[in-house]
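Single-structure report; data block below.
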Amino acid sequence: PASLDAAAALAAESARHQPAAGDLAGFAVPDPARPPRGGGAWVEATAAVGPDERAAVLARVFARAARDGLTCAGSFVTGGRRVAVATRGGVALAHRWTEAALSVIALDGDASGWAGFGGSDVARLDDAALADRAASTAARARDPVDLAPDAYDLVLAPPAVAELLEWMAMASFGARAVLDGTSLLVGREGAAVVDPRITLVDDCEYDHPDRVGAPFDAEGVARTRVALFDGGRAGQSVTDLATGAKMGRPSTGHAPPAAGLIDVEGPAPAHLVLLPGDATLAELVAGVDRGIYVTRFHYVNGLLDTRRATMTGMTRDGTFAIEGGRIGRAIKNLRFTESILEAFRRVGGVGRDLEAVPTHWTSLGAYLAPALCLRAFRFTGRSR
């Protein structure tokens with residue numbers, strides 16, 4: 001209690017030296033008609049995992065990598081998270097959930113393979129399968145061939161899809177970007193903008209066993225389901241109290257988080273779900289005659305042209321040629337520069353299985369993404 005009092009006093013003193021906030025829309029008040037629902041679950045078994053158990057999991061992972069002469073890196077984190085919000089308007093909310101996250105990279109020189117898990121229930125973590133996936137991918141990635149930059153059909157694993165979605169979320173799906181005119185949604189609401197198989201929602205109640213996060217935002221407003229793309233048509237942005245007031249809409253419960261790797265200006269999606277299709281991963285690959293399988297991306301910059309969701313970035317940790325509907329030789333990593341909005345118009349198929357992928361930049365929880373096939377995706381250079 002004493003440290004909380006001290007923190008409050010420091011915040012109040014800081015506020016006295018700031019200019020008045022012109023867009024303050026007041027504080028959230030209780031809304032009995034809209035109680036918070038969803039969010040992550042509290043699993044006692046996850047909360048009870050200790051350092052010795054985590055070390056045992058990592059020992060098994062390292063042993064599996066060693067069988068293929070590989071080095072391992074990564075992390076295994078478990079524990080509980082608790083969030084509480086109280087406002088001068090009378091809101092008093094609290095939520096707790098558990099998280100277990102294992103990220104494994106197997107390495108041999110330039111060859112690498114990655115696998116990961118994120119969710120609330122540690123019993124759903126199959127560390128042996130993840131270790132085998134990372135190690136076998138890295139072993140297969142040795143001696144990659146050089147592929148010339150060009151437009152290729154792609155099959156993206158869920159982590160690669162989630163990386164693109166997170167950049168779109170930061171750049172376009174918050175109401176601040178709409179008000180500033182920089183969002184891809186501006187002037188397009190209701191218009192067909194992507195393939196009709198693309199439905200992207202923010203929904204903290206979506207039924208998935210690996211869901212995490214809180215069902216309300218940092219202002220104490222319950223999160224509501226928002227459709228960003230609905231059957232290929234542009235939807236609405238997420239709002240907080242201030243931006244909602246400016247747009248004549250209520251808050252959707254998406255105020256920026258209190259902490260993250262970067263400061264998010266204005267509201268941001270917290271529980272993105274790209275709704276699944278009906279294809280298995282094998283069927284997506286079989287539908288590509290000449291293309292590339294991408295495990296994930298890194299060094300992505302999604303701010304080149306936010307109205308078109310133009311991004312650049314590089315492949316990593318398992319990039320393979322697809323030939324005749326089969327995954328073949330490893331290829332050297334490539335750099336892409338592409339409008340993701342336009343790429344989402346060239347969908348070759350949507351996977352049926354959703355994977356929870358922890359958000360990297362905003363620390364908001366996890367996004368649920370399937371594998372995805374995109375046609376004629378443009379690669380513009382080689383990764384050095």
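Here's how to read the names in the structure tokens: chain A, B, ... by the order shown, residue numbers from 1 in each chain, ligand numbers from 1 in the order shown.
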Practice task
List the neighbours of stretch 211-215 of chain A out to 10 Å using only C-alpha atoms; skip same-chain residues closer than 2 positions along the sequence, and give me the result as a PyMOL selection string.
Solution key: chain A and resi 35-42+81-84+93-100+118-121+203-209+217-218+220-224+253-254+270-271+355-358+363-368
Exercise for the section: Write down as a PyMOL selection string the residues of stretch 57-284 of chain A whose backbone DSSP state falls under helix (DSSP H, G or I). Expected result: chain A and resi 57-67+122-124+127-140+158-172+175-180+241-247+281-284
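The environment of A:Arg316 within 9 Å, counting only C-alpha atoms and disregarding residues fewer than 5 places along the same chain, consists of Ser112, Gly113, Trp114, Val294, Thr295, Arg296, Phe297, His298, Lys332, Asn333 and Leu334 of chain A.
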Find the residues around A:Ala111 up to 9 Å (only C-alpha atoms counted), leave out those fewer than 2 positions away in its own chain, and share them as a tab-separated table (two decimals) with C-alpha atoms, in the first residue's frame.
```tsv
chain	number	residue	atom	x	y	z
A	106	ALA	CA	17.60	-24.61	-33.22
A	107	LEU	CA	20.77	-23.38	-34.94
A	108	ASP	CA	23.71	-24.54	-37.02
A	109	GLY	CA	25.52	-21.61	-38.59
A	113	GLY	CA	14.42	-23.72	-37.25
A	137	THR	CA	13.50	-27.75	-39.61
A	138	ALA	CA	17.03	-26.54	-38.80
A	139	ALA	CA	18.60	-29.80	-39.96
A	140	ARG	CA	16.66	-29.59	-43.20
A	141	ALA	CA	17.69	-25.93	-43.64
A	142	ARG	CA	21.39	-26.78	-44.00
A	143	ASP	CA	22.98	-26.03	-47.36
A	144	PRO	CA	20.19	-23.80	-48.71
A	317	ASP	CA	13.96	-19.92	-39.28
A	318	GLY	CA	12.75	-22.22	-42.00
```
Practice task
Can you check which residues of stretch 205-355 of chain A DSSP gives as strand (DSSP E or B) on the backbone and send them as a PyMOL selection string?
Solution key: chain A and resi 216+222+226-230+233-234+238+272-274+279+290-305+310-323+326-331+334-339+347-351+355
Expected file: the selected residues, C-alpha atoms, as a PDB file, in the first residue's frame:
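Okay, this is what ended up in out.pdb:
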```pdb
ATOM      1  CA  PHE A 216     -11.424  -5.168 -20.450  1.00  0.00           C
ATOM      2  CA  ALA A 222     -15.351  -4.168 -21.410  1.00  0.00           C
ATOM      3  CA  VAL A 226     -15.156  -5.680 -33.706  1.00  0.00           C
ATOM      4  CA  ALA A 227     -14.950  -6.815 -37.325  1.00  0.00           C
ATOM      5  CA  LEU A 228     -11.969  -5.273 -39.151  1.00  0.00           C
ATOM      6  CA  PHE A 229     -12.551  -7.301 -42.328  1.00  0.00           C
ATOM      7  CA  ASP A 230     -15.913  -9.021 -42.674  1.00  0.00           C
ATOM      8  CA  ARG A 233     -15.287  -6.038 -46.700  1.00  0.00           C
ATOM      9  CA  ALA A 234     -13.665  -3.285 -44.656  1.00  0.00           C
ATOM     10  CA  VAL A 238     -11.427  -0.216 -32.470  1.00  0.00           C
ATOM     11  CA  LEU A 272      -7.217 -10.492 -33.217  1.00  0.00           C
ATOM     12  CA  VAL A 273      -8.645 -13.631 -34.805  1.00  0.00           C
ATOM     13  CA  LEU A 274      -8.292 -14.408 -38.501  1.00  0.00           C
ATOM     14  CA  ALA A 279      -7.856 -26.398 -45.736  1.00  0.00           C
ATOM     15  CA  ARG A 290       6.112 -23.355 -57.598  1.00  0.00           C
ATOM     16  CA  GLY A 291       6.414 -21.266 -54.483  1.00  0.00           C
ATOM     17  CA  ILE A 292       7.820 -20.789 -51.001  1.00  0.00           C
ATOM     18  CA  TYR A 293       6.928 -21.995 -47.504  1.00  0.00           C
ATOM     19  CA  VAL A 294       7.645 -19.376 -44.806  1.00  0.00           C
ATOM     20  CA  THR A 295       7.876 -20.274 -41.119  1.00  0.00           C
ATOM     21  CA  ARG A 296       7.995 -16.668 -39.904  1.00  0.00           C
ATOM     22  CA  PHE A 297       9.263 -13.153 -40.646  1.00  0.00           C
ATOM     23  CA  HIS A 298      11.569 -10.725 -38.859  1.00  0.00           C
ATOM     24  CA  TYR A 299      12.813  -7.128 -39.199  1.00  0.00           C
ATOM     25  CA  VAL A 300       9.393  -6.213 -40.554  1.00  0.00           C
ATOM     26  CA  ASN A 301       8.604  -2.535 -41.123  1.00  0.00           C
ATOM     27  CA  GLY A 302       4.881  -2.057 -41.605  1.00  0.00           C
ATOM     28  CA  LEU A 303       4.895   1.735 -41.868  1.00  0.00           C
ATOM     29  CA  LEU A 304       6.031   2.226 -45.483  1.00  0.00           C
ATOM     30  CA  ASP A 305       2.537   3.027 -46.785  1.00  0.00           C
ATOM     31  CA  THR A 310       2.859  -1.881 -47.578  1.00  0.00           C
ATOM     32  CA  MET A 311       5.550  -3.654 -45.582  1.00  0.00           C
ATOM     33  CA  THR A 312       9.065  -4.916 -45.948  1.00  0.00           C
ATOM     34  CA  GLY A 313      10.773  -7.675 -44.012  1.00  0.00           C
ATOM     35  CA  MET A 314      12.721 -10.910 -44.219  1.00  0.00           C
ATOM     36  CA  THR A 315      12.017 -14.594 -43.893  1.00  0.00           C
ATOM     37  CA  ARG A 316      13.698 -16.606 -41.143  1.00  0.00           C
ATOM     38  CA  ASP A 317      13.963 -19.916 -39.277  1.00  0.00           C
ATOM     39  CA  GLY A 318      12.748 -22.223 -42.001  1.00  0.00           C
ATOM     40  CA  THR A 319      12.238 -21.034 -45.588  1.00  0.00           C
ATOM     41  CA  PHE A 320      11.696 -23.767 -48.167  1.00  0.00           C
ATOM     42  CA  ALA A 321      10.889 -24.056 -51.840  1.00  0.00           C
ATOM     43  CA  ILE A 322       7.574 -25.642 -52.816  1.00  0.00           C
ATOM     44  CA  GLU A 323       7.761 -27.624 -56.028  1.00  0.00           C
ATOM     45  CA  ARG A 326       5.597 -30.564 -52.043  1.00  0.00           C
ATOM     46  CA  ILE A 327       7.974 -28.793 -49.657  1.00  0.00           C
ATOM     47  CA  GLY A 328      11.466 -29.254 -51.042  1.00  0.00           C
ATOM     48  CA  ARG A 329      14.946 -27.782 -50.579  1.00  0.00           C
ATOM     49  CA  ALA A 330      15.764 -25.064 -48.089  1.00  0.00           C
ATOM     50  CA  ILE A 331      16.339 -21.683 -49.703  1.00  0.00           C
ATOM     51  CA  LEU A 334      14.604 -13.411 -48.924  1.00  0.00           C
ATOM     52  CA  ARG A 335      13.407  -9.843 -48.366  1.00  0.00           C
ATOM     53  CA  PHE A 336       9.840  -8.954 -49.323  1.00  0.00           C
ATOM     54  CA  THR A 337       8.264  -5.591 -50.122  1.00  0.00           C
ATOM     55  CA  GLU A 338       4.550  -5.965 -50.619  1.00  0.00           C
ATOM     56  CA  SER A 339       1.169  -4.356 -50.028  1.00  0.00           C
ATOM     57  CA  VAL A 347      -5.683 -15.661 -51.378  1.00  0.00           C
ATOM     58  CA  GLY A 348      -5.146 -19.238 -52.471  1.00  0.00           C
ATOM     59  CA  GLY A 349      -6.581 -20.812 -49.331  1.00  0.00           C
ATOM     60  CA  VAL A 350      -7.081 -20.371 -45.598  1.00  0.00           C
ATOM     61  CA  GLY A 351      -6.020 -22.992 -43.066  1.00  0.00           C
ATOM     62  CA  GLU A 355      -2.614 -21.181 -33.555  1.00  0.00           C
TER      63      GLU A 355
END
```
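For A:Pro250, the residues within 7 Å (counting only C-alpha atoms, excluding itself and residues fewer than 4 positions away along the chain) are Leu241, Gly244 and Ala245 of chain A.
Take atom CA of A:Val285 and atom CA of A:Phe379: the distance between them is 18.8 Å.
The shortest atom-to-atom distance to A:Ala371, with only C-alpha atoms taken into account, belongs to A:Ala157 out of A:Val194, A:Glu342, A:Ala157, A:Met170.
With only C-alpha atoms taken into account, the protein and nucleic acid residues at most 10 Å from A:Gly181 (excluding it and anything under 4 positions from it in its own chain) are Ser172, Ala175, Arg176, Ala177, Leu185, Val186, Gly187, Thr306 and Arg307 of chain A.
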How about saving the chosen residues, N, CA and C atoms kept, as a compact mmCIF listing (two decimals), in the first residue's frame?
```txt
# COMPACT_ATOMS: atom_id res chain seq x y z
N SER A 172 -3.22 0.54 -38.62
CA SER A 172 -4.48 0.85 -39.29
C SER A 172 -5.75 0.56 -38.51
N ALA A 175 -8.66 3.58 -33.94
CA ALA A 175 -9.39 4.77 -34.39
C ALA A 175 -8.50 5.99 -34.57
N ARG A 176 -7.37 6.05 -33.85
CA ARG A 176 -6.47 7.20 -34.02
C ARG A 176 -5.97 7.27 -35.45
N ALA A 177 -5.62 6.13 -36.04
CA ALA A 177 -5.15 6.12 -37.43
C ALA A 177 -6.26 6.51 -38.38
N LEU A 185 -8.47 1.62 -43.55
CA LEU A 185 -9.92 1.57 -43.49
C LEU A 185 -10.57 2.88 -43.95
N VAL A 186 -9.82 3.97 -44.00
CA VAL A 186 -10.37 5.29 -44.31
C VAL A 186 -10.99 5.30 -45.71
N GLY A 187 -12.27 5.69 -45.76
CA GLY A 187 -12.97 5.79 -47.03
C GLY A 187 -13.36 4.47 -47.65
N THR A 306 0.92 2.98 -45.00
CA THR A 306 -0.10 2.33 -44.16
C THR A 306 -1.46 2.27 -44.85
N ARG A 307 -1.74 3.15 -45.79
CA ARG A 307 -3.03 3.10 -46.50
C ARG A 307 -3.14 1.86 -47.37
```
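Minimum atom-to-atom distance to A:Arg124, evaluated using only C-alpha atoms, belongs to A:Ala45 out of A:Ala66, A:Ala45, A:Leu184, A:Leu164.
Nearest residue to A:Ala258, choosing from A:Val85, A:Ala192, A:Val104, A:Leu275 and counting only C-alpha atoms: A:Val85.
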